Amino acid sequence: MKNLVKTLGSVFLMSGACALLPGLVLAQERVVESASHRFVEVADGVWFATGSGSVYTMSNALVLVGEFDTLVVDSHVTPAASRALLDSLSVLTDKPVRYLVNSHYHFDHAHGNQSFPPGVEIIGHEYTRMKLSGADGSNVLDEATFHSFSDGVPATVERLEQRAAAETDPARKAELQENARVQRDYMNAIQEIRPTPPNITLDRKMTLFQVVANGSREIQLLHFGRAHTGGDVVIFLPKEKVVFTGDMMLPSLSYMGDAFVDEWPVTLEGLKTLDFETWLPGHGPVMHSRDPISNFQAYLRDLWTKTVAMHDRGVSVEQASEQIDMTNHSANFTQIREPGVDPRAIRRIYQLLDAR
Ligand SMILES: [Zn+2]
C-alpha cells in the first residue's frame with residue numbers, strides 16, 4: 001500500500017491503482033512541468049509543486065490558482081529556488097501572487113521568502129514570525145538546524161566534482177557534473193539569504209476565501225499545537241478535501257531537532273479531525289492513506305518513552321543516540337534499518353526534559 005501510494009506522486013498514473021484505491025478520482029490529476037518544477041493538479045487549481053532537479057529546492061510547495069490571484073505555500077530553501085518557483089508559475093497561470101503562506105519557519109520552507117515581490121502578503125504563525133524576525137533574540141542562520149543541514153554543502157560539492165572528474169563513463173560523468181553544478185549553485189545561493197518573516201500572523205486559525213470560477217475557495221490555515229516546531233500551520237481546503245501538512249506529517253520520519261516531541265502526537269490528533277482524502281507533505285509524494293499518521297504517533301510516543309528512560313539513567317546524548325532501538329517501527333518507516341536515532345532528535349528531547 002505504501003509503495004503504491006508513493007507512486008501517485010509521480011507523473012503518469014497507472015490504471016491498476018484505481019481499483020485498489022477506491023474513491024480516488026485519478027483522472028483529474030494533470031501534470032505540468034517548467035524548467036525547474038513539476039506541478040501535479042490534485043484538485044481544480046490546486047497544484048502540488050516539487051523541484052525537478054535543475055535547481056535545489058529541498059522542499060515541496062503548493063500553488064492555489066484563483067480567478068484573480070494566486071496563493072503559494074512555502075518558498076523553498078533559497079531565494080534562487082523561490083525565484084525559480086515564481087518564474088515557473090507562468091506555466092500554470094498569469095494571475096499574480098497575492099499571498100505566501102509559511103507552513104513553519106525552517107530554512108528549507110522559508111528561506112525563499114525574500115524573493116516574493118513587495119506587496120505579496122506573507123502569512124505564518126506568530127512563532128514563525130518570531131523565529132524569522134529574530135524577535136526571540138536568536139538568528140535562524142546561527143541555529144543548529146540551519147548549520148547541521150548547510151555546513152556540509154561545500155564538502156558535497158567537492159566530493160561530486162571529484163567523482164565527476166574521475167568518472168570515465170560519459171553519461172555518468174555528465175550526470176555527476178550536473179549534480180555538482182546544482183549543489184554549487186545551492187552553495188552560492190545560501191550566501192544571499194536574508195530571513196524574511198511573515199507580515200501577517202495567526203495563532204490558532206485563519207480562513208481565506210479565494211475567488212475561483214465557480215464561487216470561492218475556502219482556505220483554512222490551522223495550528224493544532226506544537227509539533228515539528230512551535231508554529232506549524234496546515235493548509236486545509238475543506239471542499240477539495242486536501243491538506244498540506246508541511247513537515248508536521250511526512251511519509252517518512254520528520255526532523256526533530258526543533259520539535260516538541262511529547263506534544264506532537266496530540267497535535268496530530270487535530271490533523272486527524274480534518275476530512276481530507278489527499279495530503280501533501282513538505283517532503284515526499286502526494287499521499288492518500290491516513291495510516292502513516294497513527295504510525296508516526298506511535299513512533300513519537302515510543303521514542304519519547306525510550307529517550308526518557310535513557311535520560312533518567314544518566315546516559316549521554318551520544319550513547320542514547322546509538323543505543324535507542326526503534327526497529328520495531330521499521331515496517332512503517334523503511335529508513336529504520338538498525339538501532340540508533342538521529343542525535344539531533346535525542347539532543348532535543350534531552351533539552352525538553354532538562355527544561356522541565
Ligand atoms: Zn521543517
# chains A, B, ... in the order shown; residues from 1 in each chain; ligands from 1
>>> residues_around(residues="Met310 in chain A", least_positions_apart="6", cutoff="9 Å", atoms="only C-alpha atoms", output="PyMOL selection string")
chain A and resi 316-317+319-320+324
>>> select_by_dssp(residues="range 48-271 of chain A", states="alpha helix (DSSP H)", output="ChimeraX atom specification")
/A:79-88,107-110,126-133,144-150,153-166,170-190,264-271
>>> closest_atom_pairs(of="chain A", to="ligand 1", cutoff="7 Å", atoms="only C-alpha atoms and all ligand atoms", output="tab-separated table")
residue	atom	partner	partner_atom_place_in_ligand_line	distance
A:His104	CA	ligand 1	1 (Zn)	6.7
A:His106	CA	ligand 1	1 (Zn)	4.9
A:Asp108	CA	ligand 1	1 (Zn)	6.9
A:His109	CA	ligand 1	1 (Zn)	7.0
A:His228	CA	ligand 1	1 (Zn)	6.7
A:Asp247	CA	ligand 1	1 (Zn)	5.0
A:Tyr255	CA	ligand 1	1 (Zn)	6.6
>>> write_last_selection(atoms="C-alpha atoms", output="mmCIF file, in the first residue's frame")
data_model
loop_
_atom_site.group_PDB
_atom_site.id
_atom_site.type_symbol
_atom_site.label_atom_id
_atom_site.label_comp_id
_atom_site.auth_asym_id
_atom_site.auth_seq_id
_atom_site.Cartn_x
_atom_site.Cartn_y
_atom_site.Cartn_z
ATOM 1 C CA HIS A 104 6.725 26.750 9.516
ATOM 2 C CA HIS A 106 12.508 26.138 8.866
ATOM 3 C CA ASP A 108 14.048 24.752 3.655
ATOM 4 C CA HIS A 109 10.481 26.135 3.638
ATOM 5 C CA HIS A 228 7.673 19.714 14.376
ATOM 6 C CA ASP A 247 6.783 18.835 7.992
ATOM 7 C CA TYR A 255 13.345 16.013 11.506
#
>>> residues_around(residues="range 117-120 of chain A", least_positions_apart="6", cutoff="10 Å", atoms="only C-alpha atoms", output="list of chain:residue names")
A:Leu71, A:Leu86, A:Pro96, A:Val97, A:Arg98, A:Tyr99, A:Leu100, A:Asn199
>>> closest_residue(among="A:Met206, A:Ala81, A:Val233, A:Leu271", to="Asp185 in chain A", atoms="only C-alpha atoms")
A:Ala81
>>> select_by_dssp(residues="range 78-325 of chain A", states="strand (DSSP E or B)", output="MDAnalysis selection string")
chainID A and resid 97:101 121:125 200:202 205:212 215:222 234:237 242:246 278:281 287
>>> closest_residue(among="A:Val72, A:Val182, A:Ser133, A:Thr307", to="Val157 in chain A", atoms="only C-alpha atoms")
A:Val182
>>> atom_distance(atom1="CA of Phe296 in chain A", atom2="CA of Ser252 in chain A")
8.6 Å
>>> closest_residue(among="A:Arg204, A:Arg290, A:Arg181, A:Arg83", to="Thr273 in chain A", atoms="only C-alpha atoms")
A:Arg290
>>> residues_around(residues="Lys306 in chain A", least_positions_apart="2", cutoff="10 Å", atoms="only C-alpha atoms", output="JSON, numbers by chain")
{"A": [300, 301, 302, 303, 304, 308, 309, 310, 311, 320, 323, 324, 325, 326]}
>>> write_last_selection(atoms="N, CA, C and O atoms", output="PDB file, in the first residue's frame")
ATOM      1  N   LEU A 300       6.533   8.413  17.733  1.00  0.00           N
ATOM      2  CA  LEU A 300       6.903   9.535  18.602  1.00  0.00           C
ATOM      3  C   LEU A 300       6.738   9.181  20.080  1.00  0.00           C
ATOM      4  O   LEU A 300       7.598   9.500  20.914  1.00  0.00           O
ATOM      5  N   ARG A 301       5.636   8.517  20.404  1.00  0.00           N
ATOM      6  CA  ARG A 301       5.388   8.159  21.812  1.00  0.00           C
ATOM      7  C   ARG A 301       6.452   7.176  22.301  1.00  0.00           C
ATOM      8  O   ARG A 301       6.959   7.294  23.427  1.00  0.00           O
ATOM      9  N   ASP A 302       6.778   6.235  21.430  1.00  0.00           N
ATOM     10  CA  ASP A 302       7.763   5.220  21.790  1.00  0.00           C
ATOM     11  C   ASP A 302       9.149   5.856  21.931  1.00  0.00           C
ATOM     12  O   ASP A 302       9.899   5.566  22.874  1.00  0.00           O
ATOM     13  N   LEU A 303       9.486   6.745  21.009  1.00  0.00           N
ATOM     14  CA  LEU A 303      10.789   7.421  21.073  1.00  0.00           C
ATOM     15  C   LEU A 303      10.896   8.247  22.355  1.00  0.00           C
ATOM     16  O   LEU A 303      11.930   8.243  23.033  1.00  0.00           O
ATOM     17  N   TRP A 304       9.819   8.915  22.679  1.00  0.00           N
ATOM     18  CA  TRP A 304       9.820   9.731  23.903  1.00  0.00           C
ATOM     19  C   TRP A 304      10.066   8.849  25.128  1.00  0.00           C
ATOM     20  O   TRP A 304      10.931   9.134  25.960  1.00  0.00           O
ATOM     21  N   VAL A 308      13.361   9.102  27.474  1.00  0.00           N
ATOM     22  CA  VAL A 308      13.217   9.481  28.892  1.00  0.00           C
ATOM     23  C   VAL A 308      13.959   8.456  29.768  1.00  0.00           C
ATOM     24  O   VAL A 308      14.681   8.828  30.702  1.00  0.00           O
ATOM     25  N   ALA A 309      13.815   7.182  29.447  1.00  0.00           N
ATOM     26  CA  ALA A 309      14.485   6.133  30.227  1.00  0.00           C
ATOM     27  C   ALA A 309      16.000   6.319  30.190  1.00  0.00           C
ATOM     28  O   ALA A 309      16.678   6.208  31.222  1.00  0.00           O
ATOM     29  N   MET A 310      16.530   6.621  29.018  1.00  0.00           N
ATOM     30  CA  MET A 310      17.984   6.847  28.878  1.00  0.00           C
ATOM     31  C   MET A 310      18.407   8.084  29.677  1.00  0.00           C
ATOM     32  O   MET A 310      19.414   8.067  30.384  1.00  0.00           O
ATOM     33  N   HIS A 311      17.638   9.120  29.528  1.00  0.00           N
ATOM     34  CA  HIS A 311      17.925  10.393  30.215  1.00  0.00           C
ATOM     35  C   HIS A 311      17.948  10.180  31.724  1.00  0.00           C
ATOM     36  O   HIS A 311      18.857  10.632  32.425  1.00  0.00           O
ATOM     37  N   ALA A 320      22.921   7.446  23.952  1.00  0.00           N
ATOM     38  CA  ALA A 320      21.491   7.176  23.758  1.00  0.00           C
ATOM     39  C   ALA A 320      21.169   7.128  22.264  1.00  0.00           C
ATOM     40  O   ALA A 320      20.405   6.275  21.804  1.00  0.00           O
ATOM     41  N   GLN A 323      22.165   3.807  21.051  1.00  0.00           N
ATOM     42  CA  GLN A 323      21.564   2.616  21.658  1.00  0.00           C
ATOM     43  C   GLN A 323      20.048   2.489  21.446  1.00  0.00           C
ATOM     44  O   GLN A 323      19.531   1.379  21.407  1.00  0.00           O
ATOM     45  N   ILE A 324      19.360   3.605  21.352  1.00  0.00           N
ATOM     46  CA  ILE A 324      17.895   3.505  21.294  1.00  0.00           C
ATOM     47  C   ILE A 324      17.479   2.734  20.037  1.00  0.00           C
ATOM     48  O   ILE A 324      17.891   3.052  18.932  1.00  0.00           O
ATOM     49  N   ASP A 325      16.682   1.722  20.276  1.00  0.00           N
ATOM     50  CA  ASP A 325      16.315   0.811  19.186  1.00  0.00           C
ATOM     51  C   ASP A 325      14.863   1.060  18.774  1.00  0.00           C
ATOM     52  O   ASP A 325      13.940   0.769  19.532  1.00  0.00           O
ATOM     53  N   MET A 326      14.677   1.582  17.581  1.00  0.00           N
ATOM     54  CA  MET A 326      13.331   1.861  17.067  1.00  0.00           C
ATOM     55  C   MET A 326      12.981   0.912  15.924  1.00  0.00           C
ATOM     56  O   MET A 326      12.051   1.167  15.155  1.00  0.00           O
TER      57      MET A 326
END
>>> atom_distance(atom1="CA of Gly340 in chain A", atom2="CA of Leu141 in chain A")
27.9 Å
